$ cat entry_38.tsv   # TSV, C-alpha atoms
chain	number	residue	atom	x	y	z
A	298	MET	CA	14.41	-124.92	-96.90
A	299	THR	CA	13.25	-122.39	-94.31
A	300	ALA	CA	16.41	-122.86	-92.25
A	301	ALA	CA	18.63	-122.05	-95.24
A	302	ARG	CA	16.90	-118.72	-95.89
A	303	SER	CA	18.71	-115.64	-94.55
A	304	HIS	CA	16.46	-113.70	-92.21
A	305	LEU	CA	15.36	-110.10	-92.64
A	306	ASP	CA	17.45	-107.63	-90.62
A	307	GLN	CA	16.51	-104.18	-89.33
A	308	SER	CA	18.11	-102.28	-92.21
A	309	ASP	CA	16.21	-104.38	-94.74
A	310	LEU	CA	13.03	-103.86	-92.74
A	311	ALA	CA	13.54	-100.09	-92.81
A	312	GLU	CA	13.98	-100.22	-96.58
A	313	ALA	CA	10.86	-102.34	-96.99
A	314	GLN	CA	8.77	-100.11	-94.76
A	315	HIS	CA	9.88	-97.00	-96.63
A	316	ILE	CA	8.64	-98.51	-99.89
A	317	VAL	CA	5.41	-99.77	-98.35
A	318	LYS	CA	4.63	-96.44	-96.71
A	319	ALA	CA	5.11	-94.58	-99.97
A	320	VAL	CA	2.60	-96.81	-101.77
A	321	ALA	CA	0.16	-96.78	-98.84
A	322	ASP	CA	0.26	-92.97	-98.68
A	323	ALA	CA	-0.41	-92.75	-102.42
A	324	PHE	CA	-3.39	-95.07	-101.96
A	325	SER	CA	-4.84	-93.05	-99.08
A	326	ALA	CA	-4.39	-89.81	-100.98
A	327	LYS	CA	-6.78	-91.04	-103.66
A	328	VAL	CA	-8.99	-93.63	-101.96
A	329	VAL	CA	-11.03	-92.68	-98.90
A	330	GLY	CA	-11.18	-95.30	-96.15
A	331	GLN	CA	-11.06	-98.91	-97.41
A	332	HIS	CA	-8.23	-99.74	-95.03
A	333	HIS	CA	-8.74	-103.50	-95.31
A	334	LEU	CA	-8.68	-103.29	-99.11
A	335	ARG	CA	-5.50	-101.24	-98.97
A	336	GLU	CA	-3.86	-103.80	-96.69
A	337	SER	CA	-4.93	-106.72	-98.88
A	338	MET	CA	-3.65	-105.00	-102.02
A	339	LEU	CA	-0.33	-104.23	-100.37
A	340	ILE	CA	-0.06	-107.84	-99.21
A	341	GLY	CA	-0.77	-108.97	-102.77
A	342	VAL	CA	2.00	-106.73	-104.08
A	343	LEU	CA	4.48	-107.85	-101.40
A	344	ALA	CA	3.66	-111.57	-101.47
A	345	GLY	CA	3.12	-111.87	-105.22
A	346	GLY	CA	-0.41	-113.26	-104.98
A	347	HIS	CA	-3.70	-112.46	-106.66
A	348	LEU	CA	-6.70	-110.87	-104.99
A	349	LEU	CA	-10.42	-111.59	-105.31
A	350	VAL	CA	-12.63	-108.69	-104.21
A	351	GLU	CA	-16.33	-109.04	-103.52
A	352	SER	CA	-18.54	-105.97	-103.21
A	353	VAL	CA	-21.44	-104.12	-104.73
A	354	PRO	CA	-20.56	-101.64	-107.52
A	355	GLY	CA	-19.27	-98.15	-106.85
A	356	LEU	CA	-16.88	-98.78	-103.94
A	357	ALA	CA	-13.67	-97.58	-105.66
A	358	LYS	CA	-12.23	-100.97	-106.55
A	359	THR	CA	-11.08	-99.81	-109.99
A	360	THR	CA	-9.67	-96.58	-108.57
A	361	ALA	CA	-7.79	-98.50	-105.89
A	362	ALA	CA	-6.22	-100.91	-108.39
A	363	ARG	CA	-5.27	-98.09	-110.75
A	364	VAL	CA	-3.68	-96.04	-107.94
A	365	VAL	CA	-1.53	-98.95	-106.78
A	366	ALA	CA	-0.38	-99.63	-110.35
A	367	GLU	CA	0.49	-95.97	-110.94
A	368	ALA	CA	2.20	-95.66	-107.54
A	369	VAL	CA	4.64	-98.48	-108.37
A	370	GLY	CA	5.19	-97.28	-111.94
A	371	GLY	CA	3.52	-100.34	-113.41
A	372	GLU	CA	1.25	-100.86	-116.38
A	373	PHE	CA	-2.44	-101.12	-115.50
A	374	LYS	CA	-5.12	-102.81	-117.59
A	375	ARG	CA	-8.84	-103.12	-116.87
A	376	ILE	CA	-10.90	-105.90	-118.45
A	377	GLN	CA	-14.67	-105.59	-118.23
A	378	CYS	CA	-15.95	-109.16	-118.14
A	379	THR	CA	-19.14	-109.90	-120.08
A	380	PRO	CA	-20.78	-113.16	-121.25
A	381	ASP	CA	-19.51	-112.63	-124.81
A	382	LEU	CA	-15.89	-112.00	-123.76
A	383	LEU	CA	-13.55	-114.47	-125.50
A	384	PRO	CA	-10.26	-115.94	-124.24
A	385	SER	CA	-8.43	-114.15	-127.08
A	386	ASP	CA	-9.80	-110.85	-125.76
A	387	ILE	CA	-7.75	-111.47	-122.61
A	388	ILE	CA	-4.58	-113.29	-123.63
A	389	GLY	CA	-4.27	-112.03	-127.21
A	390	THR	CA	-4.44	-113.57	-130.66
A	391	GLN	CA	-2.86	-113.71	-134.10
A	392	ILE	CA	-4.05	-111.21	-136.70
A	393	TYR	CA	-3.50	-111.50	-140.44
A	394	GLU	CA	-1.84	-108.50	-142.07
A	395	ALA	CA	-2.47	-108.31	-145.79
A	396	ALA	CA	0.41	-105.87	-146.35
A	397	THR	CA	2.99	-108.42	-145.24
A	398	ASN	CA	0.94	-111.55	-146.06
A	399	SER	CA	1.67	-112.87	-142.58
A	400	PHE	CA	0.19	-113.29	-139.13
A	401	VAL	CA	1.32	-111.06	-136.27
A	402	THR	CA	0.66	-111.66	-132.59
A	403	ARG	CA	-1.25	-109.05	-130.63
A	404	LEU	CA	-0.83	-109.59	-126.92
A	405	GLY	CA	-3.94	-109.11	-124.83
A	406	PRO	CA	-4.46	-106.85	-121.81
A	407	VAL	CA	-3.43	-109.56	-119.36
A	408	HIS	CA	0.16	-108.71	-120.31
A	409	ALA	CA	0.46	-105.94	-117.73
A	410	ASN	CA	1.72	-105.55	-114.18
A	411	ILE	CA	-1.66	-105.06	-112.50
A	412	VAL	CA	-4.78	-106.38	-114.22
A	413	LEU	CA	-8.30	-105.67	-112.99
A	414	LEU	CA	-10.86	-108.28	-114.05
A	415	ASP	CA	-14.08	-106.41	-113.37
A	416	GLU	CA	-17.02	-108.71	-112.53
A	417	ILE	CA	-15.10	-111.84	-113.42
A	418	ASN	CA	-18.15	-114.02	-112.77
A	419	ARG	CA	-19.92	-112.45	-115.76
A	420	SER	CA	-17.50	-114.14	-118.15
A	421	SER	CA	-18.04	-117.69	-119.32
A	422	ALA	CA	-16.18	-120.66	-117.88
A	423	LYS	CA	-14.13	-120.92	-121.08
A	424	THR	CA	-12.96	-117.33	-120.72
A	425	GLN	CA	-12.30	-117.71	-117.00
A	426	SER	CA	-10.10	-120.71	-117.73
A	427	ALA	CA	-7.98	-118.57	-120.04
A	428	MET	CA	-6.74	-116.78	-116.94
A	429	LEU	CA	-5.53	-119.96	-115.20
A	430	GLU	CA	-2.25	-120.21	-117.11
A	431	ALA	CA	-1.61	-116.50	-116.75
A	432	MET	CA	-2.26	-116.47	-113.01
A	433	GLU	CA	-0.41	-119.67	-112.15
A	434	GLU	CA	2.38	-119.88	-114.74
A	435	ARG	CA	2.83	-116.15	-115.36
A	436	GLN	CA	2.68	-116.74	-119.09
A	437	THR	CA	0.26	-117.15	-121.97
A	438	THR	CA	0.40	-119.44	-125.00
A	439	ILE	CA	-0.74	-118.16	-128.39
A	440	ALA	CA	-0.49	-120.43	-131.43
A	441	GLY	CA	1.96	-122.65	-129.59
A	442	VAL	CA	4.30	-119.81	-128.64
A	443	VAL	CA	4.81	-118.94	-124.97
A	444	TYR	CA	4.77	-115.27	-124.00
A	445	PRO	CA	5.92	-114.41	-120.46
A	446	ILE	CA	3.93	-111.89	-118.47
A	447	PRO	CA	5.94	-108.99	-117.03
A	448	GLU	CA	6.87	-109.13	-113.37
A	449	PRO	CA	5.61	-108.07	-110.95
A	450	PHE	CA	2.19	-109.38	-111.93
A	451	LEU	CA	-0.98	-109.03	-109.88
A	452	VAL	CA	-4.55	-109.91	-110.84
A	453	ILE	CA	-7.35	-108.18	-108.94
A	454	ALA	CA	-10.71	-109.73	-109.83
A	455	THR	CA	-14.04	-108.36	-108.63
A	456	GLN	CA	-17.43	-109.94	-108.36
A	457	ASN	CA	-20.83	-108.55	-107.42
A	458	PRO	CA	-22.61	-110.73	-104.82
A	459	VAL	CA	-26.02	-109.13	-105.40
A	460	ASP	CA	-26.77	-109.43	-109.12
A	461	GLN	CA	-26.65	-113.09	-110.16
A	462	GLU	CA	-28.44	-112.73	-113.52
A	463	GLY	CA	-26.20	-113.83	-116.36
A	464	THR	CA	-23.29	-114.84	-114.14
A	465	TYR	CA	-21.08	-117.92	-114.10
A	466	PRO	CA	-19.79	-118.94	-110.64
A	467	LEU	CA	-16.04	-119.37	-110.49
A	468	SER	CA	-14.82	-122.93	-110.39
A	469	GLU	CA	-12.92	-124.20	-107.36
A	470	ALA	CA	-9.74	-124.42	-109.46
A	471	GLN	CA	-10.12	-120.75	-110.38
A	472	THR	CA	-10.85	-119.40	-106.91
A	473	ASP	CA	-7.99	-121.40	-105.43
A	474	ARG	CA	-5.57	-119.38	-107.57
A	475	PHE	CA	-6.45	-116.25	-105.63
A	476	MET	CA	-4.25	-115.81	-102.59
A	477	LEU	CA	-6.79	-113.69	-100.71
A	478	LYS	CA	-10.45	-112.79	-100.90
A	479	GLU	CA	-11.44	-109.36	-99.59
A	480	VAL	CA	-15.03	-108.32	-98.90
A	481	VAL	CA	-15.55	-104.56	-99.27
A	482	ASN	CA	-18.42	-102.93	-97.41
A	483	TYR	CA	-20.12	-99.56	-97.81
A	484	PRO	CA	-18.17	-96.51	-96.58
A	485	SER	CA	-19.12	-94.62	-93.43
A	486	ILE	CA	-21.06	-91.37	-93.73
A	487	ASP	CA	-17.93	-89.34	-92.97
A	488	ASP	CA	-15.95	-91.21	-95.63
A	489	GLU	CA	-18.69	-90.67	-98.19
A	490	VAL	CA	-18.75	-86.93	-97.46
A	491	GLU	CA	-14.97	-86.87	-97.94
A	492	VAL	CA	-15.36	-88.61	-101.32
A	493	ILE	CA	-17.69	-85.86	-102.51
A	494	ALA	CA	-15.28	-83.18	-101.27
A	495	ARG	CA	-12.44	-84.76	-103.21
A	496	MET	CA	-14.59	-85.03	-106.32
A	497	ASP	CA	-15.44	-81.32	-106.08
A	498	SER	CA	-11.73	-80.51	-105.78
A	499	GLY	CA	-11.00	-82.30	-109.09
A	500	LEU	CA	-8.96	-85.08	-107.49
A	501	TYR	CA	-10.69	-87.73	-109.62
A	502	ASP	CA	-10.39	-85.93	-112.96
A	503	LYS	CA	-8.93	-88.10	-115.72
A	504	ASP	CA	-5.80	-85.97	-116.01
A	505	HIS	CA	-5.10	-86.22	-112.26
A	506	ARG	CA	-2.90	-89.31	-112.27
A	507	THR	CA	-0.99	-90.70	-109.32
A	508	MET	CA	2.72	-90.13	-109.82
A	509	PRO	CA	5.03	-93.12	-109.26
A	510	VAL	CA	6.45	-93.11	-105.74
A	511	VAL	CA	8.50	-96.30	-106.13
A	512	SER	CA	9.71	-98.35	-109.08
A	513	LEU	CA	9.02	-101.87	-110.27
A	514	ASP	CA	12.59	-102.71	-109.26
A	515	ASP	CA	11.69	-101.61	-105.73
A	516	VAL	CA	8.74	-104.00	-105.77
A	517	ARG	CA	10.92	-106.87	-106.96
A	518	ARG	CA	13.45	-106.06	-104.24
A	519	ILE	CA	10.85	-105.88	-101.49
A	520	ARG	CA	9.40	-109.22	-102.51
A	521	GLN	CA	12.79	-110.78	-101.89
A	522	LEU	CA	12.92	-109.10	-98.49
A	523	VAL	CA	9.44	-110.32	-97.55
A	524	ALA	CA	10.40	-113.88	-98.44
A	525	SER	CA	13.19	-113.69	-95.86
A	526	VAL	CA	10.93	-112.73	-92.94
A	527	HIS	CA	11.34	-115.33	-90.21
A	528	MET	CA	8.36	-117.62	-89.62
A	529	ASP	CA	8.83	-120.15	-86.86
A	530	ARG	CA	8.00	-123.75	-87.61
A	531	ALA	CA	5.36	-123.69	-84.87
A	532	LEU	CA	3.52	-120.95	-86.76
A	533	ILE	CA	3.70	-122.92	-90.00
A	534	GLN	CA	2.16	-125.84	-88.10
A	535	TYR	CA	-0.49	-123.48	-86.72
A	536	ALA	CA	-1.47	-122.42	-90.23
A	537	SER	CA	-1.46	-126.05	-91.37
A	538	HIS	CA	-3.70	-127.03	-88.44
A	539	LEU	CA	-6.20	-124.32	-89.35
A	540	VAL	CA	-6.38	-125.67	-92.88
A	541	GLY	CA	-6.53	-129.25	-91.58
A	542	VAL	CA	-9.61	-128.52	-89.48
A	543	THR	CA	-11.52	-127.55	-92.63
A	544	ARG	CA	-10.72	-130.96	-94.13
A	545	ASP	CA	-11.74	-132.98	-91.07
A	546	PRO	CA	-14.37	-130.81	-89.41
A	547	GLU	CA	-16.15	-133.68	-87.62
A	548	ALA	CA	-13.07	-134.27	-85.46
A	549	HIS	CA	-12.63	-130.64	-84.39
A	550	LEU	CA	-15.86	-128.66	-84.74
A	551	SER	CA	-19.32	-128.93	-83.25
A	552	PRO	CA	-21.72	-131.13	-85.24
A	553	GLY	CA	-23.81	-128.09	-86.17
A	554	ILE	CA	-20.84	-126.38	-87.83
A	555	ALA	CA	-19.07	-129.48	-89.14
A	556	ARG	CA	-22.00	-130.62	-91.26
A	557	LEU	CA	-22.03	-127.30	-93.10
A	558	ILE	CA	-18.62	-127.99	-94.71
A	559	GLU	CA	-18.57	-130.14	-97.84
A	560	TYR	CA	-14.92	-129.65	-98.81
A	561	GLY	CA	-12.01	-128.02	-97.01
A	562	ALA	CA	-9.13	-125.93	-98.22
A	563	SER	CA	-6.25	-127.16	-100.40
A	564	PRO	CA	-2.51	-126.94	-99.62
A	565	ARG	CA	-2.52	-123.62	-101.46
A	566	ALA	CA	-4.24	-122.22	-98.36
A	567	THR	CA	-1.27	-123.13	-96.15
A	568	ILE	CA	1.13	-121.66	-98.71
A	569	ALA	CA	-0.98	-118.50	-98.81
A	570	PHE	CA	-0.93	-118.28	-95.00
A	571	CYS	CA	2.87	-118.42	-94.93
A	572	ARG	CA	3.44	-115.94	-97.75
A	573	THR	CA	0.86	-113.41	-96.62
A	574	ALA	CA	1.79	-113.64	-92.93
A	575	ARG	CA	5.35	-112.64	-93.84
A	576	ALA	CA	4.02	-109.69	-95.84
A	577	LEU	CA	1.74	-108.64	-92.98
A	578	ALA	CA	4.66	-108.78	-90.56
A	579	VAL	CA	6.54	-106.27	-92.74
A	580	LEU	CA	3.46	-104.02	-92.91
A	581	ARG	CA	3.38	-104.06	-89.11
A	582	GLY	CA	7.08	-103.31	-88.77
A	583	ARG	CA	8.46	-106.69	-87.71
A	584	THR	CA	11.19	-108.98	-89.00
A	585	HIS	CA	9.30	-112.07	-87.84
A	586	VAL	CA	5.79	-113.49	-87.94
A	587	VAL	CA	3.65	-113.71	-84.79
A	588	PRO	CA	0.53	-115.86	-84.26
A	589	ASP	CA	-1.77	-112.85	-84.65
A	590	ASP	CA	-0.53	-112.38	-88.24
A	591	VAL	CA	-1.81	-115.83	-89.16
A	592	ALA	CA	-5.09	-115.42	-87.29
A	593	LYS	CA	-5.81	-112.00	-88.81
A	594	LEU	CA	-5.45	-113.46	-92.31
A	595	ALA	CA	-7.61	-116.54	-91.74
A	596	HIS	CA	-10.82	-115.09	-93.17
A	597	ARG	CA	-9.12	-113.65	-96.23
A	598	VAL	CA	-7.20	-116.88	-96.93
A	599	LEU	CA	-10.02	-119.36	-96.29
A	600	ARG	CA	-13.35	-117.71	-97.14
A	601	HIS	CA	-13.15	-118.49	-100.87
A	602	ARG	CA	-11.62	-121.93	-100.39
A	603	LEU	CA	-14.30	-123.45	-98.16
A	604	ILE	CA	-17.14	-125.18	-100.00
A	605	LEU	CA	-20.27	-125.10	-97.88
A	606	GLY	CA	-23.29	-127.28	-98.51
A	607	PHE	CA	-26.93	-126.53	-99.16
A	608	GLU	CA	-27.75	-126.39	-95.46
A	609	ALA	CA	-25.37	-123.47	-95.00
A	610	ALA	CA	-26.88	-121.63	-97.95
A	611	SER	CA	-30.43	-122.18	-96.77
A	612	ALA	CA	-29.54	-120.96	-93.27
A	613	ARG	CA	-27.58	-118.02	-94.73
A	614	VAL	CA	-24.42	-119.10	-92.92
A	615	THR	CA	-21.37	-117.43	-94.45
A	616	PRO	CA	-17.86	-118.91	-94.64
A	617	ASP	CA	-16.73	-116.27	-92.12
A	618	VAL	CA	-18.94	-117.85	-89.43
A	619	VAL	CA	-17.33	-121.24	-90.07
A	620	ILE	CA	-13.84	-119.72	-90.04
A	621	ASP	CA	-14.55	-118.17	-86.65
A	622	ALA	CA	-15.26	-121.68	-85.36
A	623	VAL	CA	-12.07	-122.99	-86.98
A	624	LEU	CA	-10.00	-120.34	-85.21
A	625	GLN	CA	-11.57	-121.28	-81.89
A	626	ALA	CA	-10.80	-124.97	-82.46
A	627	VAL	CA	-7.04	-124.60	-82.91
A	628	ARG	CA	-4.73	-123.73	-80.04
A	629	VAL	CA	-2.62	-120.65	-80.64
A	630	PRO	CA	1.10	-121.42	-80.24
$ encode --input "entry_38.tsv" --output "structure tokens"
Amino acid sequence: MTAARSHLDQSDLAEAQHIVKAVADAFSAKVVGQHHLRESMLIGVLAGGHLLVESVPGLAKTTAARVVAEAVGGEFKRIQCTPDLLPSDIIGTQIYEAATNSFVTRLGPVHANIVLLDEINRSSAKTQSAMLEAMEERQTTIAGVVYPIPEPFLVIATQNPVDQEGTYPLSEAQTDRFMLKEVVNYPSIDDEVEVIARMDSGLYDKDHRTMPVVSLDDVRRIRQLVASVHMDRALIQYASHLVGVTRDPEAHLSPGIARLIEYGASPRATIAFCRTARALAVLRGRTHVVPDDVAKLAHRVLRHRLILGFEAASARVTPDVVIDAVLQAVRVP
């Protein structure tokens, strides 16, 4: 299948980079710093995968998602997740209209190009499951009728790691649907001063929208180009080996690290590695994937797919520490 795919040439790369730079510049014009978040969002747009973002409140996650949506000329919807949020509040429902004596379907906010699920872990498991069909099948079903979601489609879900009161941890099936997980940290002092300066200038006023710099057709085109980036079979095996170590840690990792892992990553992790590595190669101006592309994405691809046991939690060992060990255990091709 890989051999039959036509590879990206230099003219296609130039076209892709022009589109990417336009969106990246629009992001940086509105969002101060947050370079890793910008890269992850661009990878999500290019690779067609969803993004899980973990951070404390107030770090411009909503602004970032809105800017990307406006920059590509897409429709943006924000859903504030709460314990009383219902599945119909997300996917839509049928409403009776007395004037016509009939039911009409009102599509929910998930029917947009970029959807921000703010604090997704505050919604109940039943409501979280309503997103599974939308994220995986790119459609919703209301009263037995299937409604396709517009393409491109990107879900950016956030969760607050600090406040755990009234939250519902995401199931493994739900987290596995996210291509990447990004952890956003506090800005530097200089970045925070720049935020205040931009606020004083009126940059964040409600009427100061980001103008589209590319079109949705451009996004669809660039996704086709990204899919044609060459990834050598040895690099696919490298990604597969990284995932394989998480499933059989006793054979590859030290006993102290191996016993922390209860369950490893699914095949979706390997698929995510391949899709995101191609997108990262385009961001870095190459028509082919190199080993560093795979290694640089390891934490974002694996951190939400590893299930660590009680010992890891009690010792405050994060998935990133385990992933560092996984990277050390696999030879780079």
$ axis_aligned_box --input "entry_38.tsv" --around "range 331-340 of chain A" --padding-each-side "8 Å" --output "JSON"
{"center_x": -5.6, "center_y": -103.4, "center_z": -98.5, "size_x": 27.0, "size_y": 24.9, "size_z": 23.0}
$ residues_around --input "entry_38.tsv" --residues "range 606-618 of chain A" --least-positions-apart "5" --cutoff "9 Å" --atoms "all atoms listed in the file" --output "ChimeraX atom specification"
/A:554,556-560,596,599-601,623
$ atom_distance --input "entry_38.tsv" --atom1 "CA of Ser426 in chain A" --atom2 "CA of Glu394 in chain A"
28.5 Å
$ closest_residue --input "entry_38.tsv" --among "A:Thr397, A:Ile533, A:Val350, A:Val510" --to "Ala323 in chain A" --atoms "all atoms listed in the file"
A:Val510
$ residues_around --input "entry_38.tsv" --residues "Leu513 in chain A" --least-positions-apart "3" --cutoff "7 Å" --atoms "all atoms listed in the file" --output "ChimeraX atom specification"
/A:369-371,516-517
$ closest_residue --input "entry_38.tsv" --among "A:Arg518, A:Lys327, A:Lys478, A:His408" --to "Arg435 in chain A" --atoms "all atoms listed in the file"
A:His408
$ residues_around --input "entry_38.tsv" --residues "Thr543 in chain A" --least-positions-apart "4" --cutoff "12 Å" --atoms "all atoms listed in the file" --output "count of residues only"
37
$ residues_around --input "entry_38.tsv" --residues "range 329-335 of chain A" --least-positions-apart "4" --cutoff "8 Å" --atoms "all atoms listed in the file" --output "JSON, numbers by chain"
{"A": [321, 324, 325, 339, 361, 479, 481, 484, 488, 489, 491, 492]}
$ atom_distance --input "entry_38.tsv" --atom1 "CA of Arg583 in chain A" --atom2 "CA of Asp514 in chain A"
22.3 Å
$ residues_around --input "entry_38.tsv" --residues "Val591 in chain A" --least-positions-apart "3" --cutoff "6 Å" --atoms "only C-alpha atoms" --output "PDB file with C-alpha atoms, in the coordinates of the input"
ATOM      1  CA  ALA A 574       1.790-113.640 -92.930  1.00  0.00           C
ATOM      2  CA  PRO A 588       0.530-115.860 -84.260  1.00  0.00           C
ATOM      3  CA  LEU A 594      -5.450-113.460 -92.310  1.00  0.00           C
TER       4      LEU A 594
END
$ atom_distance --input "entry_38.tsv" --atom1 "CA of Leu580 in chain A" --atom2 "CA of Glu336 in chain A"
8.2 Å
$ closest_residue --input "entry_38.tsv" --among "A:Leu382, A:His347, A:Phe400, A:Ile439" --to "Leu413 in chain A" --atoms "all atoms listed in the file"
A:His347
$ residues_near_point --input "entry_38.tsv" --point "(4.0, -129.3, -79.9)" --cutoff "12 Å" --atoms "all atoms listed in the file" --output "ChimeraX atom specification"
/A:530-535,538,628-630
$ closest_residue --input "entry_38.tsv" --among "A:Ser337, A:Gln456, A:Thr402, A:Asn418" --to "Glu351 in chain A" --atoms "all atoms listed in the file"
A:Gln456
$ closest_residue --input "entry_38.tsv" --among "A:Thr390, A:Thr360, A:Gln314, A:Thr424" --to "Tyr501 in chain A" --atoms "all atoms listed in the file"
A:Thr360
$ closest_residue --input "entry_38.tsv" --among "A:Ser485, A:Gln425, A:Gln307, A:Ser498" --to "Gln471 in chain A" --atoms "all atoms listed in the file"
A:Gln425
$ residues_near_point --input "entry_38.tsv" --point "(12.2, -110.6, -99.4)" --cutoff "9 Å" --atoms "all atoms listed in the file" --output "list in words"
His304, Leu305, Asp309, Ala313, Leu343, Ala344, Arg517, Arg518, Ile519, Arg520, Gln521, Leu522, Val523, Ala524, Ser525, Val526 and Ala576 of chain A
$ decode --input "entry_38.tsv" --residues "range 351-372 of chain A" --atoms "N, CA and C atoms" --output "mmCIF file, in the first residue's frame"
data_model
loop_
_atom_site.group_PDB
_atom_site.id
_atom_site.type_symbol
_atom_site.label_atom_id
_atom_site.label_comp_id
_atom_site.auth_asym_id
_atom_site.auth_seq_id
_atom_site.Cartn_x
_atom_site.Cartn_y
_atom_site.Cartn_z
ATOM 1 N N GLU A 351 -4.001 18.990 27.912
ATOM 2 C CA GLU A 351 -4.081 19.029 29.367
ATOM 3 C C GLU A 351 -3.347 20.259 29.894
ATOM 4 N N SER A 352 -4.036 21.062 30.671
ATOM 5 C CA SER A 352 -3.412 22.229 31.284
ATOM 6 C C SER A 352 -4.365 22.831 32.302
ATOM 7 N N VAL A 353 -3.823 23.699 33.132
ATOM 8 C CA VAL A 353 -4.662 24.462 34.046
ATOM 9 C C VAL A 353 -5.406 25.520 33.235
ATOM 10 N N PRO A 354 -6.468 26.105 33.782
ATOM 11 C CA PRO A 354 -7.233 27.111 33.026
ATOM 12 C C PRO A 354 -6.408 28.368 32.729
ATOM 13 N N GLY A 355 -6.842 29.079 31.697
ATOM 14 C CA GLY A 355 -6.286 30.390 31.407
ATOM 15 C C GLY A 355 -5.054 30.415 30.543
ATOM 16 N N LEU A 356 -4.752 29.327 29.818
ATOM 17 C CA LEU A 356 -3.533 29.287 29.013
ATOM 18 C C LEU A 356 -3.825 29.357 27.519
ATOM 19 N N ALA A 357 -4.924 30.008 27.153
ATOM 20 C CA ALA A 357 -5.237 30.366 25.756
ATOM 21 C C ALA A 357 -5.593 29.179 24.874
ATOM 22 N N LYS A 358 -6.109 28.109 25.458
ATOM 23 C CA LYS A 358 -6.487 26.962 24.639
ATOM 24 C C LYS A 358 -7.665 27.295 23.731
ATOM 25 N N THR A 359 -8.674 27.964 24.286
ATOM 26 C CA THR A 359 -9.839 28.340 23.482
ATOM 27 C C THR A 359 -9.452 29.322 22.394
ATOM 28 N N THR A 360 -8.641 30.309 22.748
ATOM 29 C CA THR A 360 -8.178 31.285 21.759
ATOM 30 C C THR A 360 -7.421 30.604 20.641
ATOM 31 N N ALA A 361 -6.548 29.660 20.997
ATOM 32 C CA ALA A 361 -5.757 28.966 19.986
ATOM 33 C C ALA A 361 -6.648 28.188 19.016
ATOM 34 N N ALA A 362 -7.624 27.459 19.558
ATOM 35 C CA ALA A 362 -8.514 26.682 18.699
ATOM 36 C C ALA A 362 -9.339 27.591 17.799
ATOM 37 N N ARG A 363 -9.832 28.697 18.352
ATOM 38 C CA ARG A 363 -10.638 29.621 17.562
ATOM 39 C C ARG A 363 -9.808 30.255 16.435
ATOM 40 N N VAL A 364 -8.567 30.617 16.738
ATOM 41 C CA VAL A 364 -7.707 31.247 15.730
ATOM 42 C C VAL A 364 -7.443 30.299 14.572
ATOM 43 N N VAL A 365 -7.145 29.043 14.881
ATOM 44 C CA VAL A 365 -6.890 28.064 13.818
ATOM 45 C C VAL A 365 -8.131 27.887 12.949
ATOM 46 N N ALA A 366 -9.297 27.800 13.587
ATOM 47 C CA ALA A 366 -10.540 27.638 12.824
ATOM 48 C C ALA A 366 -10.782 28.842 11.914
ATOM 49 N N GLU A 367 -10.597 30.043 12.449
ATOM 50 C CA GLU A 367 -10.822 31.243 11.648
ATOM 51 C C GLU A 367 -9.781 31.374 10.541
ATOM 52 N N ALA A 368 -8.539 30.960 10.825
ATOM 53 C CA ALA A 368 -7.470 31.084 9.830
ATOM 54 C C ALA A 368 -7.711 30.203 8.612
ATOM 55 N N VAL A 369 -8.365 29.047 8.803
ATOM 56 C CA VAL A 369 -8.634 28.152 7.675
ATOM 57 C C VAL A 369 -10.036 28.365 7.104
ATOM 58 N N GLY A 370 -10.748 29.358 7.613
ATOM 59 C CA GLY A 370 -12.091 29.639 7.105
ATOM 60 C C GLY A 370 -13.113 28.603 7.505
ATOM 61 N N GLY A 371 -12.873 27.930 8.637
ATOM 62 C CA GLY A 371 -13.785 26.883 9.078
ATOM 63 C C GLY A 371 -14.745 27.356 10.145
ATOM 64 N N GLU A 372 -15.752 26.542 10.413
ATOM 65 C CA GLU A 372 -16.718 26.844 11.459
ATOM 66 C C GLU A 372 -16.199 26.325 12.793
#
